[in-house]
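Heads up, the thing below is written out as C-alpha cells.
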Amino acid sequence: MTQERRRYYVGLAASLHDPAIAILSPEGLPLFVEGTERYLQNKRAYNCAPDDLIRTPRLIEQFCEPDAELIVAVSWSDQMLRNLSMASFASFVDPVSATFMSQHMNEFAWPLPESDLMLIGSRNNLSQAGINLKSSRRIPNAAIIRRYDHHMSHAAHAAYTSQFDECCVAVVDGYGENRSTSLFLFNEGRLEILPGQSWDSDAELRQQVSLGHFYARICAACGFDPILGEEWKVMGLAAYGHFDPSIEKILHPMLRVSDLGLKVACSDHELRIKLDDLKRIGRQPGQAAEKVADLAATGQHVFEDWSTELLLGLHEAAPSENLALCGGCALNSSYNGRILERTPFRHLHVPSAPADDGCALGAAMLAFVEDHPGVTLPAGAASAYLGSTMSPTALQNLKSFAGLRDIERTRTDLLNEVSDMLIEGLIVGWIQGQAEFGPRALGNRSILADARREEMKDRLNSIVKFREEFRPFAPSVLDEYGAEYFENYQTSRYMERTLRFRPEKMRIVPAVVHVDGTGRLQSVRHEWNPLFYDLISAFNQKTGVPLVLNTSLNVMGKPIVHSLEDALGLFLTTGLDALVVENCVLRKKEMASALF
Ligand SMILES: [Fe+2]
C-alpha cells in the first residue's frame with residue numbers, strides 16, 4: 001500500500017510590491033514567513049519574484065520533507081489576471097488615481113509608475129508566481145499551483161492569526177480584484193464575504209475609490225515617497241500640524257462612503273479642480289516638511305473620518321465586538337489606536353504584516369483550510385517571529401577571523417550587561433532568533449536605547465538612523481505595566497497602534513513620547529518573546545521603568561538587516577555602540593581595536 005505524500009503549503013504574495021513567501025507544515029503551522037525585501041536588502045522588492053530560483057530551493061529543502069507535495073498558494077486570483085489584460089491599467093485604478101495620473105503624471109510626484117508599466121509589471125509578477133518553484137530542477141517535490149482572491153488572502157491572514165472565534169474582518173487596501181475595500185465575516189473557522197458589496201456593473205466599479213491611494217496621494221503631496229512606503233512619515237508629521245478646515249474642504253468632498261465601500265463624490269471636472277488645489281497647497285521643492293504639517297494632520301483626519309464611517313457601516317451590517325483589520329491602510333497605527341474609541345468594536349486585531357506581504361501567509365492558510373474543512377489552524381500562527389535566523393557559519397567565522405575574544409555570555413550575564421549598557425546611554429543593536437515578519441522590529445532585529453534620556457531621539461536620528469527629526473521612536477513596554485503608562489491602554493502586540501501617554505509618565509520616558517503626547521507601542525509578554533521580556537524586566541529592576549526605546553535595525557530607506565554581514569556593515573558605519581548577536585556581545589571600541 002502506498003503512503004500518501006504529506007502536503008506543505010507554500011504561500012506567495014505576488015503583488016508588484018512587497019512580495020513574500022510563507023511555508024506551512026502539513027498541520028497548518030507556519031514554519032517560515034519572510035518578505036523578499038529582507039533577503040534582497042532591496043526596500044519593498046518591486047518587481048521581484050517571491051519564489052526566486054536561488055533561494056527558494058534552499059527554503060524548501062530546509063523546511064519541507066524531501067518527498068512532500070507542495071501546494072503553492074498565490075495571493076491573486078485568475079480574475080486579476082483577466083483584469084490585467086485590459087487595455088489600460090488606468091481604467092482599472094480608481095477615478096481619483098486615474099484622473100490624477102492622466103493630468104499630472106509629470107508635473108507632480110504622483111506615487112504610482114506609469115499605468116502601462118504597472119500593467120506589465122503586475123501581470124508579469126502575478127502570472128509567473130509559482131512557476132519558478134514548480135519548474136526548478138533543484139526542487140524535486142511535486143507542486144500544484146492554486147490562486148486565491150487577494151482580499152480573501154488578506155482577510156484569512158487577519159482572521160486566522162486573531163484569537164477570535166468570530167469577528168468582522170475589514171480589508172482596507174490600495175486595490176483588490178475588483179474592490180479597494182472588502183468586508184468579511186469570520187465564524188468558527190469559516191470566512192465569508194459580507195453580503196451587500198456586490199458592485200457588479202462597470203459603472204459602479206468605475207465610481208470606486210481607494211482609501212489606500214488617497215493616503216498615498218497625501219503622502220506624495222507632503223513631499224514623501226509612497227513607492228518607498230513613506231506613509232509613516234505623514235503620521236509622524238501630522239502630530240506637528242493642526243486640522244485645517246480649508247484643507248478639509250478640498251479633501252473631504254472627493255470621496256464618500258457608500259454601500260460598504262468608497263466612491264468618488266464629485267464630477268471629473270470638480271475632481272480635477274480639487275487635485276489642482278491639493279497640488280497648490282502641497283510641499284514645494286526645497287520646502288521643509290514642517291510647512292505641510294497641517295496638510296498631513298488634515299489628511300489623517302479625513303482618512304480617519306472615512307475609515308470610521310466604513311467601520312460603523314460594517315458593525316451595523318454585522319454586529320460583533322471583534323474586528324480584524326488588514327490591508328495596507330491597517331498600517332495606520334495612529335488610527336488603529338483610536339478605532340475602539342470611535343466605533344462599537346471592543347477588541348481589535350491587526351496582524352504583524354497587514355499589507356500585501358501578509359497575503360503570503362493568508363493564501364497558504366486558505367489552501368490549508370480548503371484541504372482541511374473544519375480543522376482549526378494552530379494558535380502558533382499569531383507569532384511574528386517567523387523569519388530567517390542569522391547564519392551560524394557567519395557567526396563562527398566572525399569569532400574565528402575577527403580576533404575578538406570573550407564575546408560569549410551566559411543568559412544571566414547577557415541580560416545584566418545589556419541592561420547596564422542601556423542605562424549607561426549606549427545604543428545597542430539586538431539580534432535574536434527568527435526575524436519578525438512585517439515592517440516592525442519587535443525585539444529580534446531591534447536597536448534599543450534608554451527612553452529616559454531626552455537627547456536619545458536626536459542622537460539616534462543623527463548618528464544611526466539618518467532620518468528626519470520629526471519622526472518619533474517607539475516604546476516597548478511590559479504588557480502588565482501598559483495601563484500605568486498609557487491612557488485607555490490596549491495591548492499592542494505587533495506595535496500596530498498608537499496610544500496617548502499618561503501625562504505624568506511623559507517626562508519619565510521623553511525619548512519615546514511624540515510631540516502630541518503619543519507613542520506607537522509594542523506590548524511585550526513573556527510568552528511571546530521570553531528573552532526580550534526578561535531584558536526589559538532587568539532594565540525595570542534597575543531603573544523602575546518597564547519600557548525601552550525600540551526601533552528597527554536598519555538605516556533610513558533600507559530594509560531591516562537580514563544577514564550577519566548586513567548587521568556588521570550597519571554596526572561599523574553608524575553610531576551604534578554595541579551589537580548583540582544571540583549570546584555574543586560586540587562593543588564598538590573593542591571591535592575597532594581588533595579590526596584596525
Ligand atoms: Fe493588498
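Every chain in the C-alpha cells takes a letter, A first, then B, and so on in the order presented; its residues are numbered from 1, and the ligands are numbered from 1 following the presented order.
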Around ligand 1, at most 6 Å away and counting only C-alpha atoms and all ligand atoms, which residues are there? Put them as JSON, numbers by chain, please.
{"A": [173, 327, 355, 356]}
May I have the residues within 12 Å of Phe63 of chain A as a ChimeraX atom specification, using only C-alpha atoms and disregarding those fewer than 6 positions away in the same chain?
/A:8-10,22-26,29-33,56-57,70,388
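Using only C-alpha atoms, the smallest distance between any of A:Asn141, A:Ile227, A:Thr376, A:Leu255 and Asp165 of chain A comes from A:Thr376.
Compared by their closest atoms to Leu404 of chain A, and using only C-alpha atoms, the residues A:Gly212, A:Val585, A:Glu304, A:Met506 rank with A:Val585 nearest.
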Write out as a PyMOL selection string the residues lying within 10 Å of Ala318 of chain A, counting only C-alpha atoms and excluding same-chain residues fewer than 6 positions away.
chain A and resi 167-168+183-185+194-195+312
Write to file, as a tab-separated table (two decimals), in the first residue's frame, the residues of the selection just made, with N, CA, C and O atoms.
chain	number	residue	atom	x	y	z
A	167	CYS	N	-15.60	37.20	14.26
A	167	CYS	CA	-15.27	38.63	14.16
A	167	CYS	C	-15.70	39.16	12.80
A	167	CYS	O	-16.00	38.40	11.88
A	168	CYS	N	-15.75	40.48	12.71
A	168	CYS	CA	-15.82	41.15	11.41
A	168	CYS	C	-14.38	41.30	10.91
A	168	CYS	O	-13.47	41.50	11.71
A	183	LEU	N	-15.24	43.50	2.98
A	183	LEU	CA	-15.64	43.20	4.35
A	183	LEU	C	-16.09	41.74	4.43
A	183	LEU	O	-16.82	41.27	3.56
A	184	PHE	N	-15.66	41.08	5.49
A	184	PHE	CA	-15.93	39.65	5.64
A	184	PHE	C	-16.49	39.36	7.03
A	184	PHE	O	-16.31	40.15	7.97
A	185	LEU	N	-17.09	38.19	7.15
A	185	LEU	CA	-17.49	37.66	8.45
A	185	LEU	C	-16.68	36.40	8.70
A	185	LEU	O	-16.51	35.58	7.79
A	194	LEU	N	-19.08	39.59	3.27
A	194	LEU	CA	-20.33	40.17	3.78
A	194	LEU	C	-21.25	40.52	2.60
A	194	LEU	O	-20.80	41.14	1.63
A	195	PRO	N	-22.52	40.14	2.68
A	195	PRO	CA	-23.43	40.49	1.58
A	195	PRO	C	-23.57	42.01	1.47
A	195	PRO	O	-23.30	42.74	2.42
A	312	LEU	N	-18.29	51.81	10.99
A	312	LEU	CA	-19.62	51.89	11.59
A	312	LEU	C	-20.63	51.15	10.72
A	312	LEU	O	-21.52	50.45	11.22
Can you tell me, as an MDAnalysis selection string, which residues in segment 254-361 of chain A count as alpha helix (DSSP H) by DSSP?
chainID A and resid 268:281 293:317 333:336 339:342 359:361
Work out how far atom CA of Thr543 of chain A is from atom CA of Arg507 of chain A, in Å to one decimal.
14.6 Å
Can you tell me, as a count of residues only, which residues in segment 112-330 of chain A count as strand (DSSP E) by DSSP?
36
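Each of A:His349, A:Arg452, A:Arg411, A:His213 was checked against His157 of chain A using only C-alpha atoms; the smallest atom-to-atom distance is that of A:His349.
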Please list as JSON, numbers by chain every residue within 12 Å of segment 522-529 of chain A, counting only C-alpha atoms and excluding residues in the same chain fewer than 5 positions away.
{"A": [333, 352, 380, 381, 382, 383, 384, 385, 432, 433, 434, 435, 436, 440, 441, 442, 443, 444, 473, 474, 475, 476, 477, 478, 479, 480, 481, 482, 483, 485, 486, 489, 490, 491, 492, 493, 494, 495, 496, 497, 498, 499, 512, 534, 535, 536, 537, 546, 547, 548, 549, 550, 551]}
Within 12 Å of Met390 of chain A using only C-alpha atoms, minus same-chain residues under 5 positions, as a list in words:
Tyr39, Leu395, Gln396, Ile431, Gln432, Gly433, Gln434, Ala435, Asn444, Arg445, Val561, His562, Ser563, Leu564, Glu565, Asp566, Ala567, Leu568, Val580, Val581 and Glu582 of chain A
Find the spatial neighbours of Ser334 of chain A, counting only C-alpha atoms, within a cut-off of 12 Å - ignore same-chain residues fewer than 3 positions away - and output them as a ChimeraX atom specification.
/A:231-239,297,300-301,303-304,329-331,337-339,495-500,514,516,518-521
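Counting from atom CA of Arg467 of chain A, the distance to atom CA of Pro285 of chain A is 18.4 Å.
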